[in-house]
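Q: What follows is query.cif, made up of mmCIF, C-alpha atoms:
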```cif
data_target
#
loop_
_atom_site.label_atom_id
_atom_site.label_comp_id
_atom_site.auth_asym_id
_atom_site.auth_seq_id
_atom_site.Cartn_x
_atom_site.Cartn_y
_atom_site.Cartn_z
CA MET A 1 -37.05 141.91 22.75
CA ASN A 2 -36.11 140.74 26.23
CA LEU A 3 -38.00 142.34 29.09
CA VAL A 4 -36.38 143.38 32.33
CA GLU A 5 -38.03 141.88 35.40
CA ILE A 6 -40.05 144.62 37.06
CA ASP A 7 -41.13 144.58 40.68
CA TYR A 8 -42.31 148.07 41.40
CA SER A 9 -42.59 149.59 44.80
CA THR A 10 -46.06 150.95 45.35
CA GLN A 11 -47.10 153.55 42.80
CA GLN A 12 -50.11 155.80 43.31
CA MET A 13 -53.02 155.82 40.88
CA THR A 14 -55.94 158.19 41.39
CA SER A 15 -59.26 156.98 40.01
CA LYS A 16 -61.75 159.55 38.75
CA LEU A 17 -64.49 156.91 38.70
CA ALA A 18 -63.97 155.67 42.25
CA GLU A 19 -62.71 159.02 43.55
CA TYR A 20 -59.86 157.39 45.44
CA THR A 21 -56.09 156.94 45.19
CA TYR A 22 -54.95 153.31 45.11
CA GLY A 23 -51.52 151.81 45.63
CA ILE A 24 -50.55 149.76 42.57
CA ASN A 25 -47.75 147.19 42.43
CA VAL A 26 -46.70 145.47 39.19
CA TYR A 27 -44.52 142.42 38.65
CA VAL A 28 -43.40 141.49 35.12
CA PRO A 29 -41.38 138.32 34.41
CA ASN A 30 -37.76 138.61 33.33
CA GLU A 31 -38.13 136.93 29.96
CA GLU A 32 -39.46 137.49 26.50
CA ALA A 33 -43.22 137.60 26.40
CA PRO A 34 -45.07 135.07 24.24
CA LYS A 35 -46.61 136.61 21.14
CA GLU A 36 -50.06 136.51 22.77
CA GLY A 37 -48.72 138.24 25.91
CA PHE A 38 -48.33 137.10 29.51
CA PRO A 39 -51.23 135.78 31.58
CA ILE A 40 -52.13 138.31 34.28
CA ILE A 41 -53.58 138.14 37.76
CA TYR A 42 -55.09 141.16 39.49
CA VAL A 43 -54.74 140.87 43.28
CA LEU A 44 -57.19 142.71 45.54
CA ASP A 45 -55.90 143.80 48.96
CA GLY A 46 -52.56 144.16 47.23
CA SER A 47 -50.84 145.67 50.26
CA SER A 48 -51.38 142.35 52.02
CA TYR A 49 -51.15 139.79 49.21
CA PHE A 50 -49.21 141.17 46.22
CA HIS A 51 -45.80 139.88 47.31
CA LEU A 52 -47.21 136.51 48.34
CA VAL A 53 -48.88 135.98 44.98
CA LYS A 54 -45.91 137.33 43.06
CA GLU A 55 -43.50 134.91 44.73
CA ALA A 56 -45.87 131.96 44.29
CA VAL A 57 -46.09 132.73 40.56
CA ARG A 58 -42.39 133.44 40.14
CA LEU A 59 -41.16 130.32 41.92
CA GLN A 60 -43.62 127.91 40.33
CA SER A 61 -43.10 129.29 36.83
CA ARG A 62 -39.41 128.39 37.07
CA ASN A 63 -40.48 124.77 36.54
CA ALA A 64 -43.51 125.27 34.35
CA PRO A 65 -43.45 121.76 32.78
CA LYS A 66 -44.14 120.25 36.22
CA THR A 67 -46.24 122.94 37.89
CA GLY A 68 -48.19 124.09 34.85
CA VAL A 69 -47.69 127.70 36.01
CA LYS A 70 -46.55 130.02 33.23
CA PRO A 71 -44.63 133.27 33.76
CA SER A 72 -47.30 135.86 34.50
CA ILE A 73 -47.79 139.51 35.27
CA VAL A 74 -49.07 140.21 38.79
CA VAL A 75 -50.84 143.47 39.65
CA GLY A 76 -51.61 144.36 43.26
CA ILE A 77 -54.32 146.90 44.12
CA GLY A 78 -54.09 148.30 47.63
CA HIS A 79 -55.73 150.90 49.85
CA GLY A 80 -54.24 153.59 52.06
CA ASP A 81 -54.38 154.14 55.80
CA ASP A 82 -58.18 154.04 55.65
CA MET A 83 -58.08 150.48 54.31
CA ARG A 84 -60.59 149.00 56.75
CA GLU A 85 -63.34 151.49 55.99
CA ARG A 86 -62.59 151.85 52.28
CA ARG A 87 -62.68 148.07 51.70
CA PHE A 88 -66.27 148.01 52.92
CA TYR A 89 -67.12 150.63 50.33
CA ASP A 90 -65.21 149.27 47.33
CA PHE A 91 -66.05 145.61 47.83
CA THR A 92 -69.76 145.74 48.72
CA ALA A 93 -72.64 145.97 46.28
CA PRO A 94 -75.18 148.80 46.13
CA ALA A 95 -78.31 147.96 48.14
CA GLU A 96 -81.37 149.77 49.47
CA THR A 97 -80.64 148.53 53.00
CA TYR A 98 -77.77 146.78 54.76
CA ILE A 99 -78.32 144.30 57.54
CA TYR A 100 -75.31 143.57 59.73
CA PRO A 101 -74.82 140.23 61.47
CA ALA A 102 -75.19 140.10 65.27
CA ARG A 103 -71.44 139.73 65.77
CA PHE A 104 -70.99 143.33 64.54
CA LYS A 105 -72.76 144.42 67.74
CA GLY A 106 -74.48 147.28 65.97
CA LYS A 107 -71.26 148.79 64.62
CA GLY A 108 -71.65 149.63 60.94
CA HIS A 109 -69.60 151.47 58.33
CA GLU A 110 -69.96 155.02 57.10
CA LYS A 111 -69.92 154.21 53.37
CA LEU A 112 -71.07 151.05 51.61
CA GLY A 113 -72.03 149.95 48.12
CA GLY A 114 -69.15 151.12 45.94
CA ALA A 115 -68.62 147.84 44.05
CA ALA A 116 -69.97 149.21 40.77
CA ASP A 117 -67.57 152.18 40.83
CA PHE A 118 -64.64 149.97 41.82
CA SER A 119 -65.50 147.58 38.98
CA ARG A 120 -65.47 150.49 36.54
CA PHE A 121 -62.09 151.57 37.92
CA LEU A 122 -60.72 148.10 37.14
CA GLU A 123 -62.21 147.90 33.67
CA GLU A 124 -62.00 151.48 32.42
CA GLU A 125 -58.90 152.87 34.15
CA LEU A 126 -56.54 150.28 35.61
CA LYS A 127 -56.68 147.53 32.99
CA PRO A 128 -56.24 149.91 30.02
CA MET A 129 -53.25 151.50 31.74
CA ILE A 130 -51.64 148.10 32.41
CA GLU A 131 -52.35 146.87 28.88
CA ALA A 132 -50.85 150.02 27.38
CA HIS A 133 -47.53 149.42 29.13
CA TYR A 134 -47.14 145.63 29.35
CA PRO A 135 -47.70 142.64 27.04
CA VAL A 136 -50.94 141.21 28.45
CA ASN A 137 -52.80 138.16 27.18
CA LYS A 138 -56.37 139.45 27.35
CA ALA A 139 -57.69 135.89 27.08
CA GLN A 140 -55.95 134.84 30.31
CA GLN A 141 -56.91 137.35 32.98
CA SER A 142 -57.60 136.39 36.59
CA LEU A 143 -59.05 138.19 39.61
CA PHE A 144 -58.03 137.18 43.14
CA GLY A 145 -59.78 138.21 46.34
CA HIS A 146 -59.87 137.04 49.97
CA SER A 147 -62.65 137.62 52.51
CA LEU A 148 -64.61 140.76 51.59
CA ALA A 149 -62.48 141.01 48.45
CA GLY A 150 -63.55 137.42 47.78
CA TYR A 151 -67.15 138.63 47.97
CA PHE A 152 -66.30 141.28 45.36
CA THR A 153 -64.61 138.64 43.18
CA LEU A 154 -67.87 136.67 43.14
CA TRP A 155 -69.91 139.85 42.62
CA GLN A 156 -67.76 140.70 39.59
CA LEU A 157 -68.30 137.20 38.21
CA LEU A 158 -72.07 137.41 38.69
CA HIS A 159 -72.39 140.90 37.17
CA HIS A 160 -69.53 141.29 34.68
CA GLN A 161 -68.36 137.73 34.10
CA SER A 162 -66.57 138.38 30.80
CA SER A 163 -64.16 140.91 32.34
CA PHE A 164 -61.94 138.06 33.58
CA GLN A 165 -61.62 134.43 32.54
CA ARG A 166 -60.53 133.05 35.94
CA TYR A 167 -61.96 133.99 39.33
CA LEU A 168 -60.15 133.04 42.55
CA ALA A 169 -62.31 133.62 45.65
CA ILE A 170 -60.71 132.65 48.96
CA SER A 171 -62.95 132.58 52.06
CA PRO A 172 -65.45 134.91 50.36
CA SER A 173 -67.77 136.86 52.68
CA ILE A 174 -70.92 135.35 51.19
CA TRP A 175 -72.64 136.08 54.51
CA TRP A 176 -72.63 139.81 53.72
CA ASN A 177 -76.03 141.52 53.81
CA GLU A 178 -77.92 138.32 54.64
CA HIS A 179 -76.33 136.23 51.86
CA GLU A 180 -77.44 138.51 49.03
CA LEU A 181 -74.95 136.84 46.67
CA VAL A 182 -76.85 133.55 46.94
CA GLN A 183 -79.90 135.16 45.35
CA CYS A 184 -77.67 136.80 42.73
CA ALA A 185 -76.23 133.38 41.90
CA SER A 186 -79.72 131.91 41.47
CA VAL A 187 -80.65 134.64 39.00
CA PHE A 188 -77.30 134.24 37.24
CA LEU A 189 -77.91 130.50 36.89
CA ASN A 190 -81.20 131.11 35.10
CA GLU A 191 -79.64 133.58 32.68
CA HIS A 192 -76.44 131.71 31.69
CA GLN A 193 -75.33 128.30 30.53
CA ASP A 194 -72.10 126.56 29.46
CA MET A 195 -69.80 129.39 30.46
CA ASN A 196 -66.11 129.51 29.57
CA GLU A 197 -65.16 131.41 32.73
CA THR A 198 -63.91 129.30 35.64
CA LEU A 199 -63.97 129.67 39.43
CA PHE A 200 -61.68 128.52 42.23
CA ILE A 201 -63.40 128.90 45.60
CA SER A 202 -61.96 127.85 48.94
CA ALA A 203 -62.46 128.19 52.69
CA GLY A 204 -60.66 126.91 55.77
CA GLU A 205 -62.08 124.08 57.86
CA LEU A 206 -62.01 126.25 61.00
CA GLU A 207 -64.10 128.97 59.37
CA THR A 208 -67.25 126.95 60.12
CA PHE A 209 -70.22 128.57 58.35
CA MET A 210 -68.00 130.14 55.68
CA VAL A 211 -67.11 126.65 54.47
CA ASP A 212 -70.78 125.83 54.05
CA ASP A 213 -71.39 129.12 52.22
CA ALA A 214 -68.51 128.53 49.81
CA ARG A 215 -69.56 124.93 49.17
CA GLN A 216 -73.13 126.03 48.47
CA MET A 217 -71.96 128.67 46.01
CA ALA A 218 -69.74 126.11 44.27
CA THR A 219 -72.65 123.67 44.01
CA VAL A 220 -74.86 126.29 42.39
CA LEU A 221 -72.32 127.61 39.89
CA GLU A 222 -70.80 124.27 38.85
CA LYS A 223 -74.01 123.61 36.93
CA ILE A 224 -72.96 126.12 34.29
CA MET A 225 -69.19 126.54 34.65
CA LYS A 226 -66.05 124.78 35.79
CA VAL A 227 -65.68 125.22 39.57
CA ASP A 228 -62.99 123.88 41.89
CA PHE A 229 -64.05 123.95 45.56
CA TYR A 230 -61.33 123.24 48.12
CA GLU A 231 -61.71 122.98 51.88
CA ALA A 232 -58.36 123.61 53.55
CA LEU A 233 -58.19 121.36 56.59
CA ASP A 234 -57.13 122.86 59.94
CA GLU A 235 -56.94 126.38 58.46
CA ASN A 236 -58.64 129.55 59.67
CA HIS A 237 -59.55 132.88 58.08
CA ALA A 238 -56.06 134.31 58.51
CA SER A 239 -54.03 131.22 57.61
CA ILE A 240 -55.87 130.04 54.52
CA VAL A 241 -54.38 132.36 51.89
CA PRO A 242 -50.76 131.14 51.99
CA THR A 243 -52.06 127.58 52.31
CA VAL A 244 -54.16 127.58 49.14
CA MET A 245 -52.34 130.13 46.98
CA SER A 246 -50.26 127.56 45.10
CA ARG A 247 -53.35 125.48 44.33
CA ALA A 248 -55.30 128.55 43.18
CA ILE A 249 -52.54 129.66 40.82
CA ARG A 250 -52.23 126.19 39.30
CA PHE A 251 -56.00 126.22 38.73
CA MET A 252 -55.67 129.62 37.06
CA HIS A 253 -53.21 128.20 34.52
CA LYS A 254 -54.60 124.71 33.97
CA SER A 255 -58.31 125.41 33.69
CA LYS A 256 -59.78 125.71 30.23
#
```
Please go through the file and, once you have read it, give me the structure as structure tokens.
A:
Amino acid sequence: MNLVEIDYSTQQMTSKLAEYTYGINVYVPNEEAPKEGFPIIYVLDGSSYFHLVKEAVRLQSRNAPKTGVKPSIVVGIGHGDDMRERRFYDFTAPAETYIYPARFKGKGHEKLGGAADFSRFLEEELKPMIEAHYPVNKAQQSLFGHSLAGYFTLWQLLHHQSSFQRYLAISPSIWWNEHELVQCASVFLNEHQDMNETLFISAGELETFMVDDARQMATVLEKIMKVDFYEALDENHASIVPTVMSRAIRFMHKSK
């Protein structure tokens, strides 16, 4: 059966677990799905990056023999008008205390530490809904996040690594809460070996300390899993995503 290409405008999905209504976008290729289903990429900050990722996948998959990018489903997950505050809740881990860097100048956020609930929303509500309606290859699922969403992407890997097979973390905010993810990675390293999951991690040259953080994380995790670290020359925190998206998507399809 041939599938009609679907590129939904934003649909609303209310999560009971996260107690929040998210904007969900879905792109489905205009061709017959392979018997195992389409690969799928879940895009955090979907209101900013869904269309960028969708077009990168769609255009490269037109010449799959050369690019290695297969037709794939793309799902964007976005926030509402309270995006700035809600991101700091959904994408940060629970902690007894939170220490802000000096550059915040004492300005914090009202709610923090909702990563566990957001993870449950992905696994127990969103993914089952998507899989019930579209032909998904459950062995080829990727999670993409930039900045604080990149932090969450790494947090998901370190706490629920089998939920996705590919993790794409662009300029992840490893600095959050005094680099708590570094300690998590050390514990993770002691508890795992020879993992099948893979990680693409990148930062822009002009992001200074964030490059060092990403490189350090890559160095730690490459001991037990396939990791591709890429420093994007002459790129900053805002410009890096369109610069590295093509590379990240090729990694998603080519890594084993």
Q: So that I can see what lies close to Asp234 in chain A, please list as a PyMOL selection string the residues with an atom at most 8 Å from it, counting all atoms listed in the file and leaving out residues fewer than 4 positions away in the same chain.
A: chain A and resi 204-206
Q: How would you write as an mmCIF file with C-alpha atoms, in the coordinates of the input the residues that get within 12 Å of (-54.7, 130.4, 43.1) in the file's frame, counting only C-alpha atoms?
A:
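Written output follows (part33.cif):
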```
data_model
loop_
_atom_site.group_PDB
_atom_site.id
_atom_site.type_symbol
_atom_site.label_atom_id
_atom_site.label_comp_id
_atom_site.auth_asym_id
_atom_site.auth_seq_id
_atom_site.Cartn_x
_atom_site.Cartn_y
_atom_site.Cartn_z
ATOM 1 C CA ILE A 41 -53.580 138.140 37.760
ATOM 2 C CA TYR A 42 -55.090 141.160 39.490
ATOM 3 C CA VAL A 43 -54.740 140.870 43.280
ATOM 4 C CA TYR A 49 -51.150 139.790 49.210
ATOM 5 C CA LEU A 52 -47.210 136.510 48.340
ATOM 6 C CA VAL A 53 -48.880 135.980 44.980
ATOM 7 C CA LYS A 54 -45.910 137.330 43.060
ATOM 8 C CA ALA A 56 -45.870 131.960 44.290
ATOM 9 C CA VAL A 57 -46.090 132.730 40.560
ATOM 10 C CA GLN A 60 -43.620 127.910 40.330
ATOM 11 C CA VAL A 69 -47.690 127.700 36.010
ATOM 12 C CA SER A 142 -57.600 136.390 36.590
ATOM 13 C CA LEU A 143 -59.050 138.190 39.610
ATOM 14 C CA PHE A 144 -58.030 137.180 43.140
ATOM 15 C CA GLY A 145 -59.780 138.210 46.340
ATOM 16 C CA HIS A 146 -59.870 137.040 49.970
ATOM 17 C CA ARG A 166 -60.530 133.050 35.940
ATOM 18 C CA TYR A 167 -61.960 133.990 39.330
ATOM 19 C CA LEU A 168 -60.150 133.040 42.550
ATOM 20 C CA ALA A 169 -62.310 133.620 45.650
ATOM 21 C CA ILE A 170 -60.710 132.650 48.960
ATOM 22 C CA THR A 198 -63.910 129.300 35.640
ATOM 23 C CA LEU A 199 -63.970 129.670 39.430
ATOM 24 C CA PHE A 200 -61.680 128.520 42.230
ATOM 25 C CA ILE A 201 -63.400 128.900 45.600
ATOM 26 C CA SER A 202 -61.960 127.850 48.940
ATOM 27 C CA ASP A 228 -62.990 123.880 41.890
ATOM 28 C CA PHE A 229 -64.050 123.950 45.560
ATOM 29 C CA TYR A 230 -61.330 123.240 48.120
ATOM 30 C CA ILE A 240 -55.870 130.040 54.520
ATOM 31 C CA VAL A 241 -54.380 132.360 51.890
ATOM 32 C CA PRO A 242 -50.760 131.140 51.990
ATOM 33 C CA THR A 243 -52.060 127.580 52.310
ATOM 34 C CA VAL A 244 -54.160 127.580 49.140
ATOM 35 C CA MET A 245 -52.340 130.130 46.980
ATOM 36 C CA SER A 246 -50.260 127.560 45.100
ATOM 37 C CA ARG A 247 -53.350 125.480 44.330
ATOM 38 C CA ALA A 248 -55.300 128.550 43.180
ATOM 39 C CA ILE A 249 -52.540 129.660 40.820
ATOM 40 C CA ARG A 250 -52.230 126.190 39.300
ATOM 41 C CA PHE A 251 -56.000 126.220 38.730
ATOM 42 C CA MET A 252 -55.670 129.620 37.060
ATOM 43 C CA HIS A 253 -53.210 128.200 34.520
ATOM 44 C CA LYS A 254 -54.600 124.710 33.970
ATOM 45 C CA SER A 255 -58.310 125.410 33.690
#
```
Q: Tell me which of A:Met217, A:Val74, A:Leu126, A:Ala93 sits closest to His159 in chain A, counting all atoms listed in the file.
A: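 The closest residue to His159 in chain A is A:Ala93.
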Q: Closest to Glu123 in chain A among A:Asn190, A:Gln216, A:Ser163, A:Gln140, using all atoms listed in the file?
A: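 Smallest separation from Glu123 in chain A among the options: A:Ser163.
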Q: Pick the closest to Pro94 in chain A from A:Thr10, A:Ser171, A:Asn177, A:Ser72: which is it, counting only C-alpha atoms?
A: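 Smallest distance to Pro94 in chain A is found for A:Asn177.
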Q: Please return, as a PDB file with C-alpha atoms, in the coordinates of the input, all polymer residues that have at least one atom within 6 Å of the point (-78.1, 138.8, 58.9); use all atoms listed in the file and the file's own coordinate frame.
A:
```
ATOM      1  CA  ILE A  99     -78.320 144.300  57.540  1.00  0.00           C
ATOM      2  CA  TYR A 100     -75.310 143.570  59.730  1.00  0.00           C
ATOM      3  CA  PRO A 101     -74.820 140.230  61.470  1.00  0.00           C
ATOM      4  CA  GLU A 178     -77.920 138.320  54.640  1.00  0.00           C
TER       5      GLU A 178
END
```
Q: Applied to the shown file, which residues does the PyMOL selection byres ((chain A and resi 20-31) around 10) return, written as a VMD selection string?
A: chain A and resid 1 to 19 32 to 34 38 40 42 to 43 45 to 47 50 to 51 54 to 55 57 to 58 61 70 to 80 86 90 118 121 126 130 134 to 135
Q: Can you list what the PyMOL selection byres ((chain A and resi 138) around 9) grabs from this structure, as a list in words?
A: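 Applied to this file, the PyMOL selection byres ((chain A and resi 138) around 9) selects Glu36, Gly37, Phe38, Pro39, Ile40, Glu131, Val136, Asn137, Ala139, Gln140, Gln141, Phe164 and Gln165 of chain A.
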Q: Could you tell me how far CA of Gly150 in chain A lies from CA of Thr92 in chain A, in Å and to one decimal?
A: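 Interatomic distance, CA of Gly150 in chain A to CA of Thr92 in chain A: 10.4 Å.
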Q: Could you state the separation of CA of Thr153 in chain A and CA of Ala116 in chain A in Å, given to one decimal place?
A: 12.1 Å
Q: Ranking A:His133, A:Lys111, A:His160, A:Lys226 by minimum distance to Phe91 in chain A and counting all atoms listed in the file, which one comes first?
A: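 Closest to Phe91 in chain A of all the choices is A:Lys111.
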Q: Determine the residue set returned by the PyMOL selection byres ((chain A and resi 220) around 12) for the present structure, and present it as number ranges by chain.
A: A: 181-190, 199, 213-219, 221-227, 229
